[in-house]
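**Student:** Here it is, the structure, as structure tokens.
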Amino acid sequence: MDLVYDNLPVLVVVTPLFGGLLSLFTVRNPFSWLWACLVTSATYLLALSLLRAVLASPTGSMTYPMGWWPPEWGIEYVVDPANAWVITIISAIAVVATIYARIPTEAEIPADRQNLFYAVWLLAITGMVGITATGDAFNVYVLLEIASLTVYTLVGLGMFRDRRALTASIKYLILGSIGATFILLGIGYLLMATGTLNMADMHAALQEMDARGELRTNRTVMTAFAFLMVGFSMKMALWPLHGWQPNAYTYAPTAVTALLAATATKVGAYMTLRFVFTIFGPSYVDELSLDLMILCAAAGIVASGIQAMRQQDIRTLLAWSSVGQLAYIVLGIALMNRAGVTSSLLHVFAHALIKGSMFMAVGCIAYSIGSHRISDLKGLRKKMPLSVAALTIGGLGLIGFPGTAGFVSKWYLVQAAIERGQWWLAMIVLLGSLLALVYTWRLVEAIFLKKADVENEDRVVREAPAAMLVPTWALVIASVYFGIFAQTPVEIAEAAANVLLGGAP
Amino acid sequence: MLPFEVTPLLCVAIPFFGAFVIGLAGKSPHLRETATMVTALLLVTCVAELVPHALQGRGPSTTIAEFVPGIPLAFHVEPMGMIYALIASALWILNSLYSIGYMRAVEKASISNHTRFFVCFALSLACVMGIAFAANMMTLFFFYEGLSLATYPLVVHKASPEAASSGRTYVGLLVGTSVAFMLPAMVATWAWTGTLDFTEGGVFRQALASGALHPAMFGVIFALFVYGIGKAALMPLHRWLPAAMVAPTPVSALLHAVAVVKAGVFAVIKVTVYLVGVDTLRGYEQGGWLVYVAGAAILVASFIALFQDNLKKRLAYSTISQLSYITMAVGLLSPLGIKAAAMHVACHAFGKITLFFAAGSIYTATHKTEISTMDGVGRRMPYTMAAFTIGAVSMIGLPPTAGFLSKWYLIGGAWQAEQVFVIVVVTLSTLLNAAYFLPIIYRAFFCTPRLDDGHDHSHGHGAGQAQGHGHHGGDERVTSLHKLRQTYNTRITTQQFIALGYDPSKIDDFDHKDPDPEEAEEDHGGEAPWPIVVATCATAVLTLFTFFEPSLFLRLAQLTVEAINP
């Protein structure tokens, strides 16, 4: 068993990587899909044992030097509770999304390209898991490119259903590449200043500079920090750098949207956490940068809520809501205290469950009625009770209703704001909840109160197939379960926050 | 026999699972209604079992789950929760009986939604039990929000645009206030005291004594709690209550006169006594403003009620003012004030549900909703209007009704606290209550019914009906006999629902708002269907009974008072 145990940090990355490459050889569809399910399930099981191993390990982390090169020269994978937690979330969502993907993908992608789709799909998962697992700054960039390029492709594959997917994909590609360039330059400047690419060594070098009193005045480090923050903000769609996101989520294939919304921007948030806390250290970040982050997040919460209220397409509404939800995560990071970082890590989890289930429910509805418009939800209460119920419960999670996972993270976020004495931030967070109440209620009223339009009255609508409903409801049930029995995620997130903050209060 | 620690959990579980049974039985109305009644009976048995423990001051505690570290979801039975759980569960039985009659007779247009109605009712009761027995603020908040959600489908039952916009007000205000005010207050409490458990005497003493928490901030937290509990309908956050009157009458009766609004004032009492601490508030001179705010709300709401012609709206504003009695009594921050508040939770419940039952009964029998059209209703519906009178007398606060008791303690508390303002408010409000209730009673019993009453208003009668009136020259008795026989004949031919004694032809799809003239003939004179009348009279009797035998509520209220200063 040690063969598996010692290699866990790299196995979670290598499994989907080779799984994705081998997927090319699965010619016909049920096999491509089954193979993808198998690979993601294996990844998930590995991630779960990795999480257990890390939580149980006496040092609090696991390392794996690639090819047994010493960390100074080679690439080192370092997994502590923070990234073990994020890896588990990504791989869990990947399993559920893959199981869900079969029917919508068959409907949206030509039959002869199914194996290519799943190959790209698995490589995207590889990239996201890899970014999270690695302890090497340049490796982050490499895996980020893998994740980004595959995701642009996945978004563009929506073209078979709606040609606008292509422009959405190009826009994403341009903005994403600009973001990636910022990140690459930032990493390069850090290399200049510290002479290493290993995160732990970078941190040690920066500490040394601090001890010499050079850190605060070093323009290279300052520029690196600024470039990295801009790049990450672009990748995680932090307002006002969110431009690529609403269209990409709207026009991507159904299953891709569900996967992306639940995982992609979270990886950006994780990179921010990792670079800010592990490389620069909480003490490096000055008040001005924090204020800027807080300002962007607060403005993002309000602006995205107002935008979401005005949408007619459910996917665009949810995409805007994602911009706001991501801002909660950033806010938790920017508050820089234990409750704040805990809330960020919890919200990565909660939002993945909630938004994943909602986009899946939208996919179920669109599969049956062929429309994404809010006005076409009318009269579906009787015809597709399970799908619209999933959408509604997800909406309650966005509001942060007690009994859903969204409430737990919001609780810690408000606590973090109040502990900092920032009452106005607590109010912004709660204002965000009220905006979520408004846009969720637009869906609720359309579903439960409005009668079907005359032209839609006679349409024959069946409930979505069980193969789509089961994964959707798995996420819904998880979001409710972890909203009531929140102790386990909270304990893991607190442990992770402690590691990131370095034992600071 | 189950260990008694489980009983509070059982009280939540019974209506919760009852809801599922009702939902499964949805296809057959009889089965569904039997399930509702059985659930209600089981629940009240369970709640009653807790009474002796609560009286001995050692109610059971149960923990369901550790929500987040340090904050469990847990139940604990204490006297104040006992009062609330008792009235809500006991009145649910009568309300179910009433609902069965009412829904079958009135809400025929939406007959397919009846299952949802009964399911949501049971879920609401599960939330009510959760609120009543919550051992900490987090548990209370869980069920408080759950109650808003479970009652929303009941409020928008008619699914009309008007219902939708009322529903928006309802959810917006209730969820909005709790998220915007109550949640930050809870987080602040947790941040400064490290606990959300309901503790006798409150939890803030240490934080205040050590200087960690500034008294002004303490006052702000208390204000956030008071305004965060939107269900207490303290002005200016009261608008959801009149809006909720768009719901079917049983909903207004049990939920918006007893369960939901009492959840609000119950939470205010609970937070003040067990979390914020009455003595702490007085010691740091915070919260004194509450008396004046609530007092003003009483008078303004009563004044608005004077001008409401819609009976349910008038009752709603009366509820708003009566709830503020409770808030004002809490604001006295004295033992007698808390006692008055606890008593008024029970006393107001019996009276107000009677009034709503009567309003629904009038609507069922005559389709009248406006007070100005209710001339002579009392002659036609003597039982209903007698019950209404008892309810009204209780609202005004005269013996021999329950309302007198709580008013007695309230005035006592006011004298004790030397709050002349409160005495003035109570006196003025009593006059206003009399001014808006007595005209209804006078109109019902002493005015002669106008012939065209109601016909133009809510449901224009057909030619046959008008002719009937012409023939008998307004002799109601002959008309009603004639109508009764008509109904009787129909009943024999269809052989349906004889046991429940209402009109089978009304099963047809027809909207009571715009009936066709043929159907309108089914407006037989006399009382509403018997389940409605029985339930209405039963609550009226309870209103009287509580005056003569209040010892149970008094003892529970006294125990609540003792929790102020352990």
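Every chain in the structure tokens takes a letter, A first, then B, and so on in the order presented; its residues are numbered from 1, and the ligands are numbered from 1 following the presented order.
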Return as JSON lines the residues of chain A lying at most 8 Å from chain B, together with the closest atom-to-atom pair for each and the distance in Å to one decimal, counting only C-alpha atoms, with rows in chain order and ascending residue number.
**Tutor:**
```
{"residue": "A:Phe401", "atom": "CA", "partner": "B:Glu145", "partner_atom": "CA", "distance": 7.3}
{"residue": "A:Pro402", "atom": "CA", "partner": "B:Phe142", "partner_atom": "CA", "distance": 5.3}
{"residue": "A:Gly403", "atom": "CA", "partner": "B:Phe142", "partner_atom": "CA", "distance": 6.7}
{"residue": "A:Val408", "atom": "CA", "partner": "B:Val68", "partner_atom": "CA", "distance": 8.0}
{"residue": "A:Trp411", "atom": "CA", "partner": "B:Val187", "partner_atom": "CA", "distance": 7.2}
{"residue": "A:Val414", "atom": "CA", "partner": "B:Val187", "partner_atom": "CA", "distance": 6.9}
{"residue": "A:Gln415", "atom": "CA", "partner": "B:Val187", "partner_atom": "CA", "distance": 5.6}
{"residue": "A:Ile418", "atom": "CA", "partner": "B:Ala188", "partner_atom": "CA", "distance": 6.8}
{"residue": "A:Glu419", "atom": "CA", "partner": "B:Ala191", "partner_atom": "CA", "distance": 6.8}
{"residue": "A:Ala426", "atom": "CA", "partner": "B:Pro184", "partner_atom": "CA", "distance": 7.3}
{"residue": "A:Met427", "atom": "CA", "partner": "B:Ala180", "partner_atom": "CA", "distance": 7.1}
{"residue": "A:Leu430", "atom": "CA", "partner": "B:Ala180", "partner_atom": "CA", "distance": 5.7}
{"residue": "A:Leu431", "atom": "CA", "partner": "B:Ala180", "partner_atom": "CA", "distance": 7.2}
{"residue": "A:Ser433", "atom": "CA", "partner": "B:Val179", "partner_atom": "CA", "distance": 7.6}
{"residue": "A:Leu434", "atom": "CA", "partner": "B:Gly176", "partner_atom": "CA", "distance": 6.3}
{"residue": "A:Leu437", "atom": "CA", "partner": "B:Gly172", "partner_atom": "CA", "distance": 7.8}
{"residue": "A:Glu445", "atom": "CA", "partner": "B:Ala164", "partner_atom": "CA", "distance": 7.2}
{"residue": "A:Leu449", "atom": "CA", "partner": "B:Ala159", "partner_atom": "CA", "distance": 5.1}
{"residue": "A:Lys450", "atom": "CA", "partner": "B:Ala159", "partner_atom": "CA", "distance": 7.2}
{"residue": "A:Gly483", "atom": "CA", "partner": "B:Phe67", "partner_atom": "CA", "distance": 7.9}
{"residue": "A:Ile484", "atom": "CA", "partner": "B:Phe67", "partner_atom": "CA", "distance": 5.8}
{"residue": "A:Phe485", "atom": "CA", "partner": "B:Phe67", "partner_atom": "CA", "distance": 5.3}
{"residue": "A:Ala486", "atom": "CA", "partner": "B:Phe67", "partner_atom": "CA", "distance": 5.3}
{"residue": "A:Gln487", "atom": "CA", "partner": "B:Val68", "partner_atom": "CA", "distance": 4.8}
{"residue": "A:Val490", "atom": "CA", "partner": "B:Val68", "partner_atom": "CA", "distance": 6.6}
{"residue": "A:Glu491", "atom": "CA", "partner": "B:Pro69", "partner_atom": "CA", "distance": 7.7}
```
**Student:** Can you write just those residues out, N, CA and C atoms, as a JSON list (two decimals), in the first residue's frame?
**Tutor:**
```
[["chain", "number", "residue", "atom", "x", "y", "z"],
["A", 401, "PHE", "N", -29.59, 30.63, 2.87],
["A", 401, "PHE", "CA", -30.61, 30.19, 3.80],
["A", 401, "PHE", "C", -30.02, 29.19, 4.79],
["A", 402, "PRO", "N", -30.37, 29.29, 6.08],
["A", 402, "PRO", "CA", -29.87, 28.28, 7.01],
["A", 402, "PRO", "C", -30.37, 26.91, 6.59],
["A", 403, "GLY", "N", -29.50, 25.92, 6.75],
["A", 403, "GLY", "CA", -29.85, 24.58, 6.28],
["A", 403, "GLY", "C", -29.26, 24.30, 4.91],
["A", 408, "VAL", "N", -23.37, 28.41, 5.97],
["A", 408, "VAL", "CA", -22.23, 28.19, 6.86],
["A", 408, "VAL", "C", -21.09, 29.14, 6.50],
["A", 411, "TRP", "N", -21.91, 32.67, 7.37],
["A", 411, "TRP", "CA", -21.80, 32.89, 8.81],
["A", 411, "TRP", "C", -20.37, 33.27, 9.18],
["A", 414, "VAL", "N", -19.40, 36.83, 7.72],
["A", 414, "VAL", "CA", -19.93, 37.94, 8.51],
["A", 414, "VAL", "C", -19.15, 38.05, 9.82],
["A", 415, "GLN", "N", -18.85, 36.89, 10.39],
["A", 415, "GLN", "CA", -18.06, 36.89, 11.63],
["A", 415, "GLN", "C", -16.69, 37.53, 11.40],
["A", 418, "ILE", "N", -17.05, 41.28, 11.18],
["A", 418, "ILE", "CA", -17.34, 41.93, 12.46],
["A", 418, "ILE", "C", -16.12, 41.88, 13.37],
["A", 419, "GLU", "N", -15.38, 40.77, 13.32],
["A", 419, "GLU", "CA", -14.17, 40.70, 14.14],
["A", 419, "GLU", "C", -13.16, 41.76, 13.72],
["A", 426, "ALA", "N", -19.89, 43.63, 6.53],
["A", 426, "ALA", "CA", -20.94, 42.68, 6.90],
["A", 426, "ALA", "C", -22.24, 43.07, 6.22],
["A", 427, "MET", "N", -22.51, 44.37, 6.19],
["A", 427, "MET", "CA", -23.75, 44.84, 5.56],
["A", 427, "MET", "C", -23.73, 44.58, 4.04],
["A", 430, "LEU", "N", -24.53, 41.00, 3.46],
["A", 430, "LEU", "CA", -25.95, 40.72, 3.64],
["A", 430, "LEU", "C", -26.78, 41.36, 2.54],
["A", 431, "LEU", "N", -26.31, 42.51, 2.04],
["A", 431, "LEU", "CA", -26.98, 43.11, 0.89],
["A", 431, "LEU", "C", -26.89, 42.15, -0.30],
["A", 433, "SER", "N", -26.85, 38.99, -0.09],
["A", 433, "SER", "CA", -27.86, 37.96, 0.14],
["A", 433, "SER", "C", -29.24, 38.45, -0.29],
["A", 434, "LEU", "N", -29.51, 39.72, -0.01],
["A", 434, "LEU", "CA", -30.84, 40.23, -0.38],
["A", 434, "LEU", "C", -30.98, 40.30, -1.90],
["A", 437, "LEU", "N", -31.72, 37.04, -3.00],
["A", 437, "LEU", "CA", -33.14, 36.75, -2.73],
["A", 437, "LEU", "C", -33.99, 37.25, -3.89],
["A", 445, "GLU", "N", -40.94, 32.65, -8.62],
["A", 445, "GLU", "CA", -42.27, 33.08, -9.05],
["A", 445, "GLU", "C", -42.61, 32.52, -10.43],
["A", 449, "LEU", "N", -45.66, 30.25, -9.55],
["A", 449, "LEU", "CA", -46.87, 31.06, -9.53],
["A", 449, "LEU", "C", -47.44, 31.34, -10.91],
["A", 450, "LYS", "N", -46.57, 31.42, -11.91],
["A", 450, "LYS", "CA", -47.07, 31.83, -13.22],
["A", 450, "LYS", "C", -47.64, 30.63, -13.96],
["A", 483, "GLY", "N", -25.05, 21.66, 5.00],
["A", 483, "GLY", "CA", -25.58, 22.87, 5.63],
["A", 483, "GLY", "C", -26.06, 22.59, 7.03],
["A", 484, "ILE", "N", -26.39, 21.34, 7.33],
["A", 484, "ILE", "CA", -26.88, 21.00, 8.67],
["A", 484, "ILE", "C", -25.78, 20.35, 9.49],
["A", 485, "PHE", "N", -25.08, 19.41, 8.87],
["A", 485, "PHE", "CA", -23.99, 18.75, 9.57],
["A", 485, "PHE", "C", -22.68, 19.34, 9.05],
["A", 486, "ALA", "N", -22.42, 20.56, 9.47],
["A", 486, "ALA", "CA", -21.32, 21.30, 8.84],
["A", 486, "ALA", "C", -20.00, 21.08, 9.56],
["A", 487, "GLN", "N", -20.00, 20.25, 10.59],
["A", 487, "GLN", "CA", -18.80, 20.20, 11.41],
["A", 487, "GLN", "C", -17.56, 19.74, 10.65],
["A", 490, "VAL", "N", -16.15, 22.35, 8.28],
["A", 490, "VAL", "CA", -15.65, 23.49, 9.04],
["A", 490, "VAL", "C", -14.31, 23.15, 9.68],
["A", 491, "GLU", "N", -14.21, 21.94, 10.22],
["A", 491, "GLU", "CA", -12.95, 21.57, 10.88],
["A", 491, "GLU", "C", -11.80, 21.51, 9.88]]
```
**Student:** Considering only C-alpha atoms, return as a list in words whatever protein or nucleic-acid residues lie within 10 Å of Met468 (chain A), sequence-local ones (same chain, fewer than 4 positions apart) excluded.
**Tutor:** Val96, Ala97, Ile99, Tyr100, Ala101, Arg102, Ile103, Pro104, Met360, Ala361, Gly363, Cys364, Tyr367, Ser387, Ala464, Thr472 and Trp473 of chain A
**Student:** Using DSSP assignments from the backbone, pull out every residue in region 59-121 of chain B that falls under helix (DSSP H, G or I) and give it to me as a ChimeraX atom specification.
**Tutor:** /B:79-105,108-121
**Student:** B:Val424, B:Ile371, B:Ala48, B:Ala346: which is nearest Gly403 (chain B), counting only C-alpha atoms?
**Tutor:**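 Smallest separation from Gly403 (chain B) among the options: B:Ala346.
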**Student:** List the spatial neighbours of Leu38 (chain A) as a list in words - criterion: any atom at most 10 Å away, only C-alpha atoms, same-chain residues fewer than 3 positions off excluded.
**Tutor:**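 Returned residues: Pro16, Gly19, Ser32, Trp33, Leu34, Trp35, Ser41, Ala42, Thr43, Tyr44, Val95, Thr98 and Ile99 of chain A.
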**Student:** Write out as a list in words each polymer residue whose atoms come within 8 Å of Val13 (chain A), counting only C-alpha atoms; drop sequence neighbours fewer than 2 positions from it.
**Tutor:** Pro9, Val10, Leu11, Thr15, Pro16, Leu17, Thr43, Thr126, Gly127, Val129, Gly130 and Ala133 of chain A
**Student:** Include all heavy atoms and write out the residues we just selected as a compact mmCIF listing (two decimals), in the first residue's frame.
**Tutor:**
```txt
# COMPACT_ATOMS: atom_id res chain seq x y z
N PRO A 9 0.20 12.39 -3.74
CA PRO A 9 0.14 13.76 -4.28
C PRO A 9 0.28 13.80 -5.79
O PRO A 9 -0.28 14.68 -6.44
CB PRO A 9 1.31 14.46 -3.59
CG PRO A 9 1.56 13.69 -2.36
CD PRO A 9 1.22 12.27 -2.70
N VAL A 10 1.04 12.89 -6.35
CA VAL A 10 1.22 12.95 -7.79
C VAL A 10 0.20 12.09 -8.52
O VAL A 10 -0.20 12.38 -9.64
CB VAL A 10 2.66 12.57 -8.18
CG1 VAL A 10 2.89 11.09 -8.02
CG2 VAL A 10 2.98 13.03 -9.59
N LEU A 11 -0.28 11.05 -7.85
CA LEU A 11 -1.25 10.17 -8.50
C LEU A 11 -2.53 10.91 -8.87
O LEU A 11 -3.13 10.66 -9.91
CB LEU A 11 -1.57 8.97 -7.60
CG LEU A 11 -0.58 7.81 -7.67
CD1 LEU A 11 -0.97 6.74 -6.67
CD2 LEU A 11 -0.55 7.23 -9.06
N THR A 15 -3.27 10.43 -12.81
CA THR A 15 -4.40 9.59 -13.21
C THR A 15 -5.26 10.27 -14.28
O THR A 15 -5.45 9.70 -15.36
CB THR A 15 -5.25 9.21 -11.98
OG1 THR A 15 -4.38 8.77 -10.98
CG2 THR A 15 -6.27 8.16 -12.33
N PRO A 16 -5.78 11.49 -14.04
CA PRO A 16 -6.57 12.08 -15.13
C PRO A 16 -5.72 12.46 -16.34
O PRO A 16 -6.23 12.45 -17.47
CB PRO A 16 -7.18 13.32 -14.49
CG PRO A 16 -6.35 13.63 -13.31
CD PRO A 16 -5.78 12.33 -12.85
N LEU A 17 -4.43 12.74 -16.14
CA LEU A 17 -3.59 13.10 -17.28
C LEU A 17 -3.51 11.94 -18.27
O LEU A 17 -3.83 12.08 -19.46
CB LEU A 17 -2.20 13.49 -16.80
CG LEU A 17 -1.17 13.82 -17.87
CD1 LEU A 17 -1.57 15.08 -18.61
CD2 LEU A 17 0.22 13.98 -17.28
N THR A 43 -9.69 9.23 -9.55
CA THR A 43 -9.08 10.47 -9.06
C THR A 43 -9.72 10.89 -7.75
O THR A 43 -9.04 11.31 -6.80
CB THR A 43 -9.27 11.60 -10.10
OG1 THR A 43 -8.94 11.08 -11.36
CG2 THR A 43 -8.40 12.78 -9.77
N THR A 126 -7.24 17.54 -15.10
CA THR A 126 -5.83 17.38 -14.75
C THR A 126 -5.21 18.73 -14.39
O THR A 126 -4.55 18.89 -13.37
CB THR A 126 -5.03 16.81 -15.94
OG1 THR A 126 -5.71 15.68 -16.43
CG2 THR A 126 -3.62 16.48 -15.53
N GLY A 127 -5.44 19.71 -15.30
CA GLY A 127 -4.86 21.02 -15.07
C GLY A 127 -5.31 21.61 -13.74
O GLY A 127 -4.49 22.10 -12.95
N VAL A 129 -6.57 20.10 -11.04
CA VAL A 129 -6.05 19.39 -9.88
C VAL A 129 -4.56 19.67 -9.73
O VAL A 129 -4.04 19.87 -8.62
CB VAL A 129 -6.32 17.87 -10.01
CG1 VAL A 129 -5.64 17.11 -8.90
CG2 VAL A 129 -7.81 17.60 -9.99
N GLY A 130 -3.85 19.72 -10.88
CA GLY A 130 -2.41 19.92 -10.83
C GLY A 130 -2.04 21.26 -10.23
O GLY A 130 -1.16 21.34 -9.36
N ALA A 133 -2.20 20.98 -6.64
CA ALA A 133 -1.32 20.07 -5.90
C ALA A 133 0.12 20.53 -5.87
O ALA A 133 0.87 20.18 -4.96
CB ALA A 133 -1.39 18.66 -6.52
```
**Student:** Need the shell around Phe266 (chain B): protein/DNA/RNA residues with any atom at most 10 Å away, counting only C-alpha atoms. Skip same-chain ones fewer than 3 positions apart. Format as a VMD selection string?
**Tutor:** chain B and resid 80 to 81 83 to 84 131 to 132 229 231 to 232 259 to 263 269 to 272 326 to 327 341 to 342 345
**Student:** Output N, CA and C atoms of each residue in that selection to a file, as a PDB file, in the first residue's frame.
**Tutor:**
```pdb
ATOM      1  N   MET B  80     -41.483  29.215  28.564  1.00  0.00           N
ATOM      2  CA  MET B  80     -42.033  30.108  27.542  1.00  0.00           C
ATOM      3  C   MET B  80     -42.315  29.353  26.249  1.00  0.00           C
ATOM      4  N   GLY B  81     -41.350  28.477  25.879  1.00  0.00           N
ATOM      5  CA  GLY B  81     -41.546  27.675  24.677  1.00  0.00           C
ATOM      6  C   GLY B  81     -42.737  26.746  24.837  1.00  0.00           C
ATOM      7  N   ILE B  83     -45.522  27.362  26.492  1.00  0.00           N
ATOM      8  CA  ILE B  83     -46.766  28.101  26.217  1.00  0.00           C
ATOM      9  C   ILE B  83     -47.002  28.155  24.713  1.00  0.00           C
ATOM     10  N   TYR B  84     -45.951  28.548  23.996  1.00  0.00           N
ATOM     11  CA  TYR B  84     -46.084  28.733  22.549  1.00  0.00           C
ATOM     12  C   TYR B  84     -46.414  27.409  21.863  1.00  0.00           C
ATOM     13  N   ILE B 131     -38.956  26.173  16.656  1.00  0.00           N
ATOM     14  CA  ILE B 131     -38.734  27.497  17.259  1.00  0.00           C
ATOM     15  C   ILE B 131     -39.025  27.432  18.755  1.00  0.00           C
ATOM     16  N   ALA B 132     -40.135  26.778  19.098  1.00  0.00           N
ATOM     17  CA  ALA B 132     -40.558  26.768  20.499  1.00  0.00           C
ATOM     18  C   ALA B 132     -39.536  26.079  21.389  1.00  0.00           C
ATOM     19  N   ILE B 229     -36.312  40.487  14.040  1.00  0.00           N
ATOM     20  CA  ILE B 229     -37.411  39.527  14.163  1.00  0.00           C
ATOM     21  C   ILE B 229     -38.631  40.150  13.495  1.00  0.00           C
ATOM     22  N   LYS B 231     -41.079  38.894  12.161  1.00  0.00           N
ATOM     23  CA  LYS B 231     -42.360  38.235  12.409  1.00  0.00           C
ATOM     24  C   LYS B 231     -43.113  38.865  13.569  1.00  0.00           C
ATOM     25  N   ALA B 232     -42.411  39.649  14.415  1.00  0.00           N
ATOM     26  CA  ALA B 232     -43.106  40.338  15.499  1.00  0.00           C
ATOM     27  C   ALA B 232     -43.866  41.545  14.975  1.00  0.00           C
ATOM     28  N   ALA B 259     -49.367  31.134  14.843  1.00  0.00           N
ATOM     29  CA  ALA B 259     -48.055  30.485  14.732  1.00  0.00           C
ATOM     30  C   ALA B 259     -46.945  31.426  14.297  1.00  0.00           C
ATOM     31  N   VAL B 260     -47.125  32.138  13.177  1.00  0.00           N
ATOM     32  CA  VAL B 260     -46.030  32.937  12.640  1.00  0.00           C
ATOM     33  C   VAL B 260     -45.777  34.183  13.486  1.00  0.00           C
ATOM     34  N   VAL B 261     -46.844  34.930  13.746  1.00  0.00           N
ATOM     35  CA  VAL B 261     -46.630  36.172  14.502  1.00  0.00           C
ATOM     36  C   VAL B 261     -46.186  35.866  15.930  1.00  0.00           C
ATOM     37  N   LYS B 262     -46.703  34.770  16.484  1.00  0.00           N
ATOM     38  CA  LYS B 262     -46.272  34.418  17.832  1.00  0.00           C
ATOM     39  C   LYS B 262     -44.829  33.917  17.825  1.00  0.00           C
ATOM     40  N   ALA B 263     -44.422  33.338  16.692  1.00  0.00           N
ATOM     41  CA  ALA B 263     -43.001  32.993  16.566  1.00  0.00           C
ATOM     42  C   ALA B 263     -42.177  34.249  16.721  1.00  0.00           C
ATOM     43  N   ILE B 269     -39.308  37.709  23.143  1.00  0.00           N
ATOM     44  CA  ILE B 269     -39.250  37.403  24.579  1.00  0.00           C
ATOM     45  C   ILE B 269     -38.042  36.533  24.883  1.00  0.00           C
ATOM     46  N   LYS B 270     -37.882  35.509  24.066  1.00  0.00           N
ATOM     47  CA  LYS B 270     -36.807  34.549  24.307  1.00  0.00           C
ATOM     48  C   LYS B 270     -35.437  35.230  24.239  1.00  0.00           C
ATOM     49  N   VAL B 271     -35.247  36.053  23.216  1.00  0.00           N
ATOM     50  CA  VAL B 271     -33.968  36.739  23.067  1.00  0.00           C
ATOM     51  C   VAL B 271     -33.745  37.689  24.233  1.00  0.00           C
ATOM     52  N   THR B 272     -34.790  38.396  24.620  1.00  0.00           N
ATOM     53  CA  THR B 272     -34.630  39.372  25.696  1.00  0.00           C
ATOM     54  C   THR B 272     -34.330  38.679  27.018  1.00  0.00           C
ATOM     55  N   ILE B 326     -47.223  43.009  23.287  1.00  0.00           N
ATOM     56  CA  ILE B 326     -46.255  42.055  23.833  1.00  0.00           C
ATOM     57  C   ILE B 326     -44.862  42.671  23.820  1.00  0.00           C
ATOM     58  N   THR B 327     -44.526  43.292  22.683  1.00  0.00           N
ATOM     59  CA  THR B 327     -43.208  43.927  22.591  1.00  0.00           C
ATOM     60  C   THR B 327     -43.080  45.025  23.647  1.00  0.00           C
ATOM     61  N   ALA B 341     -46.266  39.726  28.988  1.00  0.00           N
ATOM     62  CA  ALA B 341     -45.949  39.353  27.608  1.00  0.00           C
ATOM     63  C   ALA B 341     -46.225  37.877  27.386  1.00  0.00           C
ATOM     64  N   ALA B 342     -45.752  37.042  28.334  1.00  0.00           N
ATOM     65  CA  ALA B 342     -45.949  35.596  28.190  1.00  0.00           C
ATOM     66  C   ALA B 342     -47.431  35.251  28.179  1.00  0.00           C
ATOM     67  N   VAL B 345     -49.206  36.189  24.878  1.00  0.00           N
ATOM     68  CA  VAL B 345     -48.969  35.259  23.771  1.00  0.00           C
ATOM     69  C   VAL B 345     -50.128  34.260  23.705  1.00  0.00           C
TER      70      VAL B 345
END
```
**Student:** Could you list, as a PyMOL selection string, every residue within 12 Å of Met385 (chain B), counting only C-alpha atoms and ignoring same-chain residues fewer than 2 positions away?
**Tutor:** chain B and resi 354-362+374-383+387-392+437-438+440-446+526-528+533+536-537+540
**Student:** Compare A:Arg212, A:Arg381, A:His347, A:Arg315 by their minimum atom-to-atom distance to Phe448 (chain A), counting only C-alpha atoms, and give me the closest one.
**Tutor:**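 Closest to Phe448 (chain A), using only C-alpha atoms: A:Arg381.
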**Student:** Restricting the calculation to only C-alpha atoms, which member of A:Ala298, A:Ala224, A:Ala168, A:Ala467 is positioned closest to Leu154 (chain A)?
**Tutor:**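 Under the stated criterion, the closest residue is A:Ala168.
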**Student:** What is the CA of Val323 (chain A) to CA of Arg373 (chain A) distance in Å?
**Tutor:**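 Distance reported for this atom pair: 19.9 Å.
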**Student:** Which of these, B:Thr36, B:Thr249, B:Thr364, B:Ser148, has the shortest distance to Ala316 (chain B) once you count only C-alpha atoms?
**Tutor:** B:Thr249
**Student:** Any idea what's packed within 10 Å of Thr134 (chain A), counting only C-alpha atoms, ignoring anything in its chain fewer than 4 positions away? Could you give it as a ChimeraX atom specification?
**Tutor:** /A:9-10,13,63-65,75-79,83,129-130,138-140,143,198-199
**Student:** Could you tell me which of A:Trp69, A:Tyr251, A:Trp423, A:Tyr270 comes closest to Met159 (chain A) if we count only C-alpha atoms?
**Tutor:**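 With only C-alpha atoms as the atom set, the closest residue is A:Tyr251.
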